[in-house]
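Asker: Before I ask anything, let me first share the structure, which is written out below as structure tokens.
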Amino acid sequence: MRSGVRRLVTVAMIGVVALGLSACGGSEGSPSGTVAGLPITHFQSGMKPNAPTPDLQVRNGSDDAADKLATATIADVESYWTTELPDVFGVKFEPVKSLLSYESNGPNQESGCGNTKKNINAFYCGQDDSILWDRGVLLPNMINQFGQLSVVTVLAHEVGHAVQYRLLDKAGITRGTPTIVKEQQADCFAGTYYRWVVEGHSKYFSVSTSDGLNAALSSLFLVRDVAGVSATDRGAHGTAFDRIFAFQLGFEKGPEQCAGLNLDNIGPRLTERSFDSGDKNQGDIPIDATALGYLQDSLDKAFGGAGVAGPKIVAEGGTCAGGPATAPASYCPSDNTVSVDVTALADLGRPVDQDGEFAGQSRGGHGDFASFAEVASRYALGIQKSVGASTDNANAGLRTACLVGAWAAATSKLGSTKLRLSSGDLDEAISDLLRPDSLVAADVNGKRVDAGFNRVEAMRTGYLQGSSPCSTRYP
């Protein structure tokens, strides 16, 4: 986030908490119990032990694990589109004309889109209708960090580009279509494929709706644009927030929704933007007593309409005497405070090392907004308790994430406060939400919702729609 007072803005939404919150718990069929209408499942995700050997020709292919995984992915995704494209769009799916495996740190391979030397990438090349991937650096790094499904996610996206060029006008694709639209569609198409896999149709892969989909979302986080890129930039692929939105849209709504994405309907919700001219610290401020004071002021004003006293943020180690212990931040019901461990929050909130992340050697943190979101989640629990809402069940965790999203959207509308949402902040929240010990979608005792898909969706709902759905969707 960035600090610094801007001009006063008239704010209609002073309090982001809907006063209709009730003390009831989650009911059967509530969002906490399913993922887009499917049961929450827990099992080892990845390639099936009895998966067949793909009958595909790969130029410069090898017998290593990365190539076998990539080839199986292409075969599986193409199998999905062979049925889906004619069923949904009345268009026959033609497999891509060629596949090329290469080593970015090895001998150069020529393709219709240029040389492969030092090109740490996986991509669809429209010049010769081919899909290429780097088995030397990219795929091994992704597998080491996020497992097999990271490769599946990236290559399902690339086949999504091939689908675009088979649909053309049916997907609104022309020479002038902005890159961000093409990328959103491809992420969305990848989501539709994942739904097919999760429903048990794949010969090659099994994906759980808990850790399996978490891995897919984490993969999209890894390949996000760097903070400060604008969605209007040539070559913009999207923030993690935007990319995951598109993936989830495809997973929930199907390929017709993906093909219908265009600049008019994605523009209002895209979060990718350049740094503001006044953002002298490029989106990060140190997590210290001053920053936490700014956070207290922002939260107090954002939640002021709830009509209850907001918790006080106190530096008391991150746990409560005789109460919840969810360090680095805990909501303490006994005295209506949020106890924080400033040192731990400062470590969590260190600037992101995106280059290091990509190489699997990150020396950075999750960014300041990850720390602010953790504290804001405990503050939001205090507000919920004061208005009579549940704080110790799965829906409480999702409702909390939703309210954190609503607060994030409100930060730049609060006029006299010093915290403002900055480019990259929402991705820092996504990063935190996908951590195994994140508090942003956790109840007062720190129990988080298993499905990262639901955690991210809840925060995004609050950010894009405000606080009202937080109580109606997560009662």
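In the structure tokens, the first chain shown is A, the next is B, and so on; residue numbers restart at 1 for each chain, and ligands run from 1 in the order shown.
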Run DSSP on the backbone and give me the residues of region 200-387 of chain A it puts in strand (DSSP E), as an NGL selection string.
Answerer: :A and (205-206 or 312-314 or 329-332 or 337-340)
Asker: For Tyr80 (chain A), list every protein, DNA or RNA residue within 10 Å, evaluated using only C-alpha atoms, and leave out those in the same chain fewer than 6 positions away; present the list as a VMD selection string.
Answerer: chain A and resid 74 93 192 to 194 196 to 197 201 to 202
Asker: Can you pull out every residue within 9 Å of region 458-465 of chain A, counting only C-alpha atoms, but drop anything in the same chain fewer than 3 positions away, and send it as a ChimeraX atom specification?
Answerer: /A:241,245,269,398-410,429-430,433,440-441,453-455,468-470,473-474
Asker: Take the selection from the previous step and output its residues with N, CA and C atoms, as a compact mmCIF listing (two decimals), in the first residue's frame.
Answerer:
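Written file, part.txt:
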# COMPACT_ATOMS: atom_id res chain seq x y z
N PHE A 241 -4.93 -11.36 -9.38
CA PHE A 241 -6.34 -11.13 -9.08
C PHE A 241 -7.19 -11.25 -10.34
N PHE A 245 -9.62 -14.46 -11.45
CA PHE A 245 -11.04 -14.16 -11.72
C PHE A 245 -11.48 -14.87 -13.00
N ARG A 269 -13.69 -4.24 -14.23
CA ARG A 269 -13.25 -5.00 -13.06
C ARG A 269 -11.76 -5.33 -13.08
N LEU A 398 -15.18 -17.05 5.52
CA LEU A 398 -15.45 -16.49 4.20
C LEU A 398 -16.03 -15.09 4.30
N ARG A 399 -16.91 -14.87 5.26
CA ARG A 399 -17.48 -13.54 5.45
C ARG A 399 -16.39 -12.54 5.80
N THR A 400 -15.43 -12.99 6.60
CA THR A 400 -14.31 -12.13 6.97
C THR A 400 -13.48 -11.76 5.75
N ALA A 401 -13.16 -12.74 4.91
CA ALA A 401 -12.40 -12.44 3.68
C ALA A 401 -13.17 -11.47 2.81
N CYS A 402 -14.47 -11.65 2.72
CA CYS A 402 -15.30 -10.75 1.93
C CYS A 402 -15.22 -9.32 2.47
N LEU A 403 -15.27 -9.18 3.79
CA LEU A 403 -15.20 -7.85 4.40
C LEU A 403 -13.82 -7.23 4.23
N VAL A 404 -12.79 -8.05 4.24
CA VAL A 404 -11.44 -7.52 3.95
C VAL A 404 -11.40 -6.97 2.54
N GLY A 405 -12.02 -7.67 1.59
CA GLY A 405 -12.09 -7.17 0.22
C GLY A 405 -12.85 -5.86 0.14
N ALA A 406 -13.99 -5.77 0.85
CA ALA A 406 -14.77 -4.53 0.85
C ALA A 406 -13.97 -3.38 1.45
N TRP A 407 -13.22 -3.68 2.51
CA TRP A 407 -12.37 -2.64 3.10
C TRP A 407 -11.28 -2.20 2.12
N ALA A 408 -10.67 -3.17 1.41
CA ALA A 408 -9.62 -2.82 0.45
C ALA A 408 -10.15 -1.86 -0.60
N ALA A 409 -11.36 -2.13 -1.10
CA ALA A 409 -11.94 -1.24 -2.10
C ALA A 409 -12.25 0.13 -1.51
N ALA A 410 -12.57 0.17 -0.22
CA ALA A 410 -12.95 1.44 0.41
C ALA A 410 -11.76 2.32 0.75
N ALA A 429 -2.59 -9.82 -1.37
CA ALA A 429 -3.67 -10.46 -0.62
C ALA A 429 -3.93 -11.87 -1.15
N ILE A 430 -3.89 -12.05 -2.48
CA ILE A 430 -4.05 -13.38 -3.07
C ILE A 430 -2.94 -14.30 -2.57
N LEU A 433 -3.80 -15.31 0.89
CA LEU A 433 -4.95 -16.21 0.94
C LEU A 433 -4.60 -17.64 0.56
N VAL A 440 -6.67 -14.54 6.54
CA VAL A 440 -7.63 -13.64 5.90
C VAL A 440 -9.01 -14.28 5.76
N ALA A 441 -9.05 -15.59 5.53
CA ALA A 441 -10.33 -16.30 5.44
C ALA A 441 -10.45 -17.33 6.55
N PHE A 453 -9.99 -21.79 -3.59
CA PHE A 453 -10.93 -21.27 -4.58
C PHE A 453 -11.99 -20.40 -3.89
N ASN A 454 -12.56 -20.91 -2.79
CA ASN A 454 -13.58 -20.16 -2.07
C ASN A 454 -13.01 -18.97 -1.33
N ARG A 455 -11.81 -19.11 -0.79
CA ARG A 455 -11.20 -18.00 -0.05
C ARG A 455 -10.97 -16.80 -0.96
N SER A 468 -22.39 -5.77 1.14
CA SER A 468 -23.72 -6.38 1.21
C SER A 468 -23.71 -7.89 0.97
N PRO A 469 -23.01 -8.39 -0.07
CA PRO A 469 -23.03 -9.85 -0.28
C PRO A 469 -22.31 -10.63 0.82
N CYS A 470 -21.50 -9.96 1.64
CA CYS A 470 -20.74 -10.67 2.66
C CYS A 470 -21.66 -11.38 3.65
N ARG A 473 -24.29 -13.98 1.21
CA ARG A 473 -23.68 -15.19 0.67
C ARG A 473 -23.07 -16.07 1.74
N TYR A 474 -22.63 -15.45 2.83
CA TYR A 474 -21.95 -16.20 3.90
C TYR A 474 -22.65 -15.93 5.23
Asker: Rounded to one decimal in Å, what is the spacing between CA of Tyr294 (chain A) and CA of Gly317 (chain A)?
Answerer: 19.2 Å
Asker: So which one's closest to Ser416 (chain A), A:Gly228, A:Leu100, A:Pro178, A:Asp300? Using only C-alpha atoms, please.
Answerer: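 Among the listed residues, A:Asp300 lies closest to Ser416 (chain A).
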Asker: What's the separation between CA of Gly106 (chain A) and CA of Asn144 (chain A), in Å to one decimal place?
Answerer: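 These atoms are spaced 19.9 Å apart.
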Asker: DSSP says alpha helix (DSSP H) for which residues of region 163-330 of chain A? Put them as a ChimeraX atom specification?
Answerer: /A:163-167,179-198,211-222,240-253,255-259,263-266,289-302
Asker: Take the residues from that selection and write them out as a compact mmCIF listing (two decimals), in the first residue's frame, keeping C-alpha atoms.
Answerer:
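Dumped everything to out04.txt:
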# COMPACT_ATOMS: atom_id res chain seq x y z
CA VAL A 163 -8.99 -22.32 -29.26
CA GLN A 164 -9.32 -18.56 -29.77
CA TYR A 165 -7.79 -18.82 -33.22
CA ARG A 166 -10.20 -21.57 -34.11
CA LEU A 167 -13.19 -19.54 -32.93
CA THR A 179 -3.63 -8.70 -25.41
CA ILE A 180 -5.35 -8.50 -22.03
CA VAL A 181 -8.61 -9.71 -23.59
CA LYS A 182 -6.87 -12.69 -25.21
CA GLU A 183 -5.18 -13.54 -21.92
CA GLN A 184 -8.41 -13.31 -19.95
CA GLN A 185 -10.13 -15.61 -22.41
CA ALA A 186 -7.29 -18.14 -22.31
CA ASP A 187 -7.28 -18.19 -18.49
CA CYS A 188 -11.04 -18.64 -18.59
CA PHE A 189 -10.79 -21.49 -21.10
CA ALA A 190 -8.25 -23.18 -18.79
CA GLY A 191 -10.82 -22.95 -16.00
CA THR A 192 -13.43 -24.73 -18.12
CA TYR A 193 -10.98 -27.58 -18.76
CA TYR A 194 -10.26 -27.88 -15.04
CA ARG A 195 -13.98 -28.26 -14.34
CA TRP A 196 -14.03 -31.20 -16.77
CA VAL A 197 -11.08 -32.80 -14.97
CA VAL A 198 -12.52 -32.25 -11.50
CA ASP A 211 -5.34 -28.65 -2.59
CA GLY A 212 -5.63 -29.47 -6.30
CA LEU A 213 -7.39 -26.26 -7.28
CA ASN A 214 -5.21 -24.38 -4.78
CA ALA A 215 -2.19 -25.48 -6.82
CA ALA A 216 -3.80 -24.30 -10.05
CA LEU A 217 -4.54 -20.88 -8.58
CA SER A 218 -1.02 -20.62 -7.15
CA SER A 219 0.35 -21.29 -10.63
CA LEU A 220 -1.59 -18.34 -12.03
CA PHE A 221 -0.23 -16.24 -9.17
CA LEU A 222 3.31 -17.17 -10.16
CA ALA A 240 -3.03 -12.60 -10.24
CA PHE A 241 -6.34 -11.13 -9.08
CA ASP A 242 -7.50 -10.65 -12.68
CA ARG A 243 -6.16 -13.97 -13.97
CA ILE A 244 -7.73 -15.98 -11.18
CA PHE A 245 -11.04 -14.16 -11.72
CA ALA A 246 -11.06 -15.35 -15.35
CA PHE A 247 -10.07 -18.91 -14.42
CA GLN A 248 -12.83 -19.10 -11.82
CA LEU A 249 -15.34 -17.65 -14.27
CA GLY A 250 -14.57 -20.45 -16.71
CA PHE A 251 -14.71 -23.07 -13.99
CA GLU A 252 -18.12 -21.86 -12.83
CA LYS A 253 -19.79 -20.68 -16.04
CA PRO A 255 -16.68 -21.75 -22.33
CA GLU A 256 -19.47 -19.54 -23.72
CA GLN A 257 -18.79 -17.04 -20.94
CA CYS A 258 -15.09 -17.14 -21.82
CA ALA A 259 -15.67 -16.46 -25.51
CA LEU A 263 -12.76 -5.06 -23.27
CA ASP A 264 -16.18 -3.61 -22.48
CA ASN A 265 -17.11 -6.26 -19.92
CA ILE A 266 -13.69 -6.92 -18.39
CA ALA A 289 3.89 1.26 14.70
CA THR A 290 3.29 4.17 12.32
CA ALA A 291 1.89 1.93 9.58
CA LEU A 292 -0.35 0.12 12.07
CA GLY A 293 -1.63 3.51 13.23
CA TYR A 294 -2.56 4.33 9.64
CA LEU A 295 -4.26 0.93 9.42
CA GLN A 296 -6.25 1.55 12.62
CA ASP A 297 -7.52 4.86 11.25
CA SER A 298 -8.46 3.33 7.92
CA LEU A 299 -10.36 0.44 9.51
CA ASP A 300 -12.15 2.67 12.01
CA LYS A 301 -13.42 4.94 9.27
CA ALA A 302 -14.29 2.14 6.83
